[in-house]
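Here the structure comes first, spelled out in structure tokens, and everything after it is commentary.
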Amino acid sequence: MNADAPAFVVDVYLQPGKFYFGDSHTRIRTLLGSCVSITFWHPQRHIGGMCHYMLPSRNSPDKDQLNGKYGDEAVAMFMQEIAAHKSKVKEYEVKIFGGGSMMESLGRKAMAENIAERNVLAARRLVQEHGLTIKAESLGGMGYRQLAFELWSGDVWSRNVRGVLNMDARGVK
């Protein structure tokens, strides 16, 4: 993707509900629908990570076992990694992606948009709570997004795909 890529690159595919933090030899990829990914990147040290959360939060979080399925816990995982790397959260660039509507039928569309909208609002709130500015975003709309985050450059490549699931009472068509 980028001419300045390192000699070897570790490609990490991030499944829904997962989190990854790495170094300058890493490219993180994921596929988003109503879920949201937040990326953190340190421009001097070329370290950072990505989360792929499915819901804003859960009712009773397990303080000992953070879960990347939830936005608030994924951001807490970022804070742990940032502290472990002896850096400061304000040194990172933040970008957010996702929150697309995946369903066209009326009943499912309203539910899917509600989840997507809640995920987007949570991302913005969580970033703001840590005093950060969103450097770039691609949020909402119809369809899904393919993402690739290059930790050597901080670039996040986003490709929107308009294909959506169209379900009715008989199933998928």
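Chain identifiers are assigned as A, B, and so on, following the order in which chains appear in the structure tokens; residues are numbered from 1 within each chain, and ligands are numbered from 1 in order of appearance.
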> Got a sec to tell me which of chain A DSSP assigns to helix (DSSP H, G or I), as a PyMOL selection string?
Replying inline: chain A and resi 71-84+89-91+106-129
>> For the structure I just gave you, how does DSSP split segment 75-108 of chain A - specifically, which residues are strand (DSSP E)? Reply as an MDAnalysis selection string.
In response: chainID A and resid 93:98
>> List as a list in words the protein and nucleic acid residues near segment 32-37 of chain A, meaning an atom at most 7 Å away when only C-alpha atoms are counted, but skip any in the same chain fewer than 3 places from it.
In response: Met50, Cys51, His52, Tyr53, Met54, Ile96, Phe97, Gly98, Gly99, Gly100, Ser101, Met102, Ala112, Ile115, Ala116, Asn119, Val120, Gly143, Tyr144, Arg145 and Gln146 of chain A
>> I'd like the interatomic distance between atom CA of Gly68 of chain A and atom CA of Ile38 of chain A, to a tenth of an Å.
In response: 11.3 Å
> To one decimal place, how far is atom CA of Glu150 of chain A from atom CA of Gln65 of chain A in Å?
Replying inline: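 Between these atoms lies a distance of 27.8 Å.
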> Counting only C-alpha atoms, what is within 7 Å of Pro56 of chain A, bar same-chain residues fewer than 4 positions away, as a ChimeraX atom specification?
Replying inline: /A:70-72,118-119,122
> Of the candidates A:Tyr92, A:Gly49, A:Phe19, A:His85, which one gets nearest to Leu66 of chain A if we count only C-alpha atoms?
Replying inline: A:Phe19
Polymer residues at most 10 Å from Val127 of chain A, only C-alpha atoms, same-chain spacing of 2 or more positions, as a tab-separated table (two decimals) with all heavy atoms, in the first residue's frame:
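Dumped everything to around.tsv:
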chain	number	residue	atom	x	y	z
A	38	ILE	N	-11.56	2.24	16.54
A	38	ILE	CA	-10.82	3.43	16.93
A	38	ILE	C	-9.35	3.07	16.75
A	38	ILE	O	-8.93	1.98	17.12
A	38	ILE	CB	-11.08	3.84	18.38
A	38	ILE	CG1	-12.58	4.07	18.63
A	38	ILE	CG2	-10.29	5.10	18.74
A	38	ILE	CD1	-12.94	4.34	20.08
A	72	ASP	N	-16.16	1.15	25.71
A	72	ASP	CA	-15.50	1.72	26.88
A	72	ASP	C	-14.36	0.84	27.37
A	72	ASP	O	-13.30	1.34	27.78
A	72	ASP	CB	-16.51	2.01	28.00
A	72	ASP	CG	-17.32	0.79	28.43
A	72	ASP	OD1	-17.29	-0.26	27.75
A	72	ASP	OD2	-18.02	0.91	29.46
A	75	VAL	N	-11.31	1.12	24.94
A	75	VAL	CA	-10.53	2.34	25.20
A	75	VAL	C	-9.70	2.16	26.48
A	75	VAL	O	-8.54	2.60	26.53
A	75	VAL	CB	-11.43	3.59	25.25
A	75	VAL	CG1	-10.67	4.80	25.75
A	75	VAL	CG2	-12.01	3.86	23.86
A	94	VAL	N	-5.78	10.06	16.85
A	94	VAL	CA	-6.94	9.18	16.94
A	94	VAL	C	-7.81	9.34	15.70
A	94	VAL	O	-8.08	10.45	15.25
A	94	VAL	CB	-7.76	9.51	18.22
A	94	VAL	CG1	-9.01	8.66	18.30
A	94	VAL	CG2	-6.91	9.34	19.46
A	95	LYS	N	-8.24	8.19	15.17
A	95	LYS	CA	-9.16	8.17	14.03
A	95	LYS	C	-10.26	7.15	14.34
A	95	LYS	O	-10.00	6.15	15.01
A	95	LYS	CB	-8.42	7.76	12.75
A	95	LYS	CG	-7.29	8.72	12.39
A	95	LYS	CD	-6.50	8.23	11.19
A	95	LYS	CE	-5.32	9.17	10.93
A	95	LYS	NZ	-4.49	8.70	9.82
A	96	ILE	N	-11.49	7.42	13.87
A	96	ILE	CA	-12.60	6.50	14.11
A	96	ILE	C	-13.34	6.17	12.81
A	96	ILE	O	-13.47	7.03	11.93
A	96	ILE	CB	-13.57	7.01	15.20
A	96	ILE	CG1	-14.16	8.37	14.86
A	96	ILE	CG2	-12.88	7.06	16.55
A	96	ILE	CD1	-15.19	8.86	15.86
A	122	ALA	N	-20.75	6.71	21.15
A	122	ALA	CA	-19.84	6.24	22.21
A	122	ALA	C	-18.39	6.54	21.85
A	122	ALA	O	-17.62	6.99	22.69
A	122	ALA	CB	-20.03	4.75	22.45
A	123	ALA	N	-18.00	6.31	20.59
A	123	ALA	CA	-16.62	6.58	20.17
A	123	ALA	C	-16.28	8.04	20.36
A	123	ALA	O	-15.23	8.38	20.93
A	123	ALA	CB	-16.41	6.17	18.71
A	124	ARG	N	-17.14	8.90	19.92
A	124	ARG	CA	-16.89	10.34	20.06
A	124	ARG	C	-16.80	10.75	21.53
A	124	ARG	O	-15.93	11.52	21.92
A	124	ARG	CB	-17.97	11.13	19.34
A	124	ARG	CG	-17.83	11.04	17.83
A	124	ARG	CD	-18.82	11.94	17.13
A	124	ARG	NE	-18.53	11.97	15.70
A	124	ARG	CZ	-19.44	11.90	14.76
A	124	ARG	NH1	-20.72	11.80	15.08
A	124	ARG	NH2	-19.10	11.95	13.49
A	125	ARG	N	-17.70	10.22	22.35
A	125	ARG	CA	-17.70	10.54	23.78
A	125	ARG	C	-16.43	10.03	24.46
A	125	ARG	O	-15.79	10.75	25.23
A	125	ARG	CB	-18.94	9.93	24.45
A	125	ARG	CG	-19.00	10.17	25.96
A	125	ARG	CD	-20.20	9.50	26.62
A	125	ARG	NE	-20.37	8.10	26.27
A	125	ARG	CZ	-19.66	7.10	26.81
A	125	ARG	NH1	-18.74	7.35	27.71
A	125	ARG	NH2	-19.89	5.85	26.44
A	129	GLU	N	-13.69	12.28	26.33
A	129	GLU	CA	-13.43	12.11	27.77
A	129	GLU	C	-11.93	12.07	28.08
A	129	GLU	O	-11.53	12.41	29.18
A	129	GLU	CB	-14.09	10.83	28.28
A	129	GLU	CG	-15.58	10.95	28.47
A	129	GLU	CD	-16.24	9.63	28.87
A	129	GLU	OE1	-15.54	8.60	29.02
A	129	GLU	OE2	-17.47	9.64	29.02
A	130	HIS	N	-11.13	11.65	27.12
A	130	HIS	CA	-9.68	11.59	27.32
A	130	HIS	C	-8.97	12.83	26.78
A	130	HIS	O	-7.75	12.86	26.71
A	130	HIS	CB	-9.12	10.31	26.70
A	130	HIS	CG	-9.53	9.08	27.46
A	130	HIS	ND1	-8.90	8.70	28.62
A	130	HIS	CD2	-10.52	8.20	27.25
A	130	HIS	CE1	-9.49	7.61	29.09
A	130	HIS	NE2	-10.48	7.29	28.28
A	131	GLY	N	-9.76	13.85	26.41
A	131	GLY	CA	-9.20	15.11	25.96
A	131	GLY	C	-8.52	15.04	24.61
A	131	GLY	O	-7.65	15.87	24.31
A	132	LEU	N	-8.92	14.08	23.79
A	132	LEU	CA	-8.29	13.90	22.48
A	132	LEU	C	-9.13	14.51	21.37
A	132	LEU	O	-10.33	14.70	21.52
A	132	LEU	CB	-8.08	12.41	22.21
A	132	LEU	CG	-7.18	11.72	23.22
A	132	LEU	CD1	-7.28	10.22	23.07
A	132	LEU	CD2	-5.75	12.19	23.03
A	133	THR	N	-8.48	14.80	20.26
A	133	THR	CA	-9.14	15.31	19.07
A	133	THR	C	-9.14	14.21	18.03
A	133	THR	O	-8.14	13.51	17.85
A	133	THR	CB	-8.38	16.54	18.53
A	133	THR	OG1	-8.33	17.52	19.56
A	133	THR	CG2	-9.06	17.10	17.30
A	134	ILE	N	-10.24	14.07	17.34
A	134	ILE	CA	-10.34	13.08	16.27
A	134	ILE	C	-9.68	13.69	15.03
A	134	ILE	O	-10.12	14.73	14.53
A	134	ILE	CB	-11.80	12.72	15.99
A	134	ILE	CG1	-12.42	12.08	17.24
A	134	ILE	CG2	-11.90	11.79	14.79
A	134	ILE	CD1	-13.93	11.93	17.18
>> For a test of reading the model, state the distance in Å between atom CA of His25 of chain A and atom CA of Ile82 of chain A, rounded to one decimal.
In response: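 Straight-line distance from atom CA of His25 of chain A to atom CA of Ile82 of chain A works out to 17.8 Å.
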10 Å contact set for Asp23 of chain A, only C-alpha atoms, chain neighbours under 5 positions out, as a short mmCIF file (atom, residue, chain, number, x, y, z; two decimals) with N, CA, C and O atoms, in the first residue's frame:
data_model
loop_
_atom_site.label_atom_id
_atom_site.label_comp_id
_atom_site.auth_asym_id
_atom_site.auth_seq_id
_atom_site.Cartn_x
_atom_site.Cartn_y
_atom_site.Cartn_z
N VAL A 10 4.00 -7.50 9.39
CA VAL A 10 3.11 -8.47 10.03
C VAL A 10 1.69 -7.98 9.78
O VAL A 10 1.33 -6.88 10.20
N TRP A 41 -2.37 6.19 17.23
CA TRP A 41 -1.05 6.09 16.62
C TRP A 41 -0.13 7.16 17.19
O TRP A 41 -0.50 8.33 17.29
N HIS A 42 1.07 6.74 17.58
CA HIS A 42 2.09 7.65 18.11
C HIS A 42 3.02 8.03 16.95
O HIS A 42 3.78 7.21 16.47
N ARG A 45 7.00 7.49 17.72
CA ARG A 45 7.46 6.13 18.04
C ARG A 45 6.92 5.07 17.08
O ARG A 45 7.35 3.93 17.12
N HIS A 46 5.96 5.43 16.25
CA HIS A 46 5.35 4.52 15.27
C HIS A 46 4.82 3.25 15.94
O HIS A 46 5.05 2.14 15.46
N ILE A 47 4.10 3.46 17.02
CA ILE A 47 3.37 2.39 17.69
C ILE A 47 1.91 2.78 17.75
O ILE A 47 1.57 3.96 17.59
N GLY A 48 1.06 1.83 17.95
CA GLY A 48 -0.36 2.14 18.06
C GLY A 48 -1.20 0.89 17.97
O GLY A 48 -0.69 -0.23 17.98
N GLY A 49 -2.49 1.11 17.86
CA GLY A 49 -3.37 -0.03 17.82
C GLY A 49 -4.74 0.31 17.28
O GLY A 49 -5.04 1.45 16.96
N GLU A 150 -1.74 1.15 8.85
CA GLU A 150 -0.29 0.94 8.76
C GLU A 150 0.40 1.65 9.92
O GLU A 150 0.40 2.88 9.98
N LEU A 151 0.99 0.89 10.81
CA LEU A 151 1.62 1.50 11.98
C LEU A 151 2.94 2.18 11.67
O LEU A 151 3.43 2.98 12.46
N TRP A 152 3.55 1.89 10.54
CA TRP A 152 4.79 2.59 10.18
C TRP A 152 4.51 4.01 9.71
O TRP A 152 5.36 4.87 9.81
#
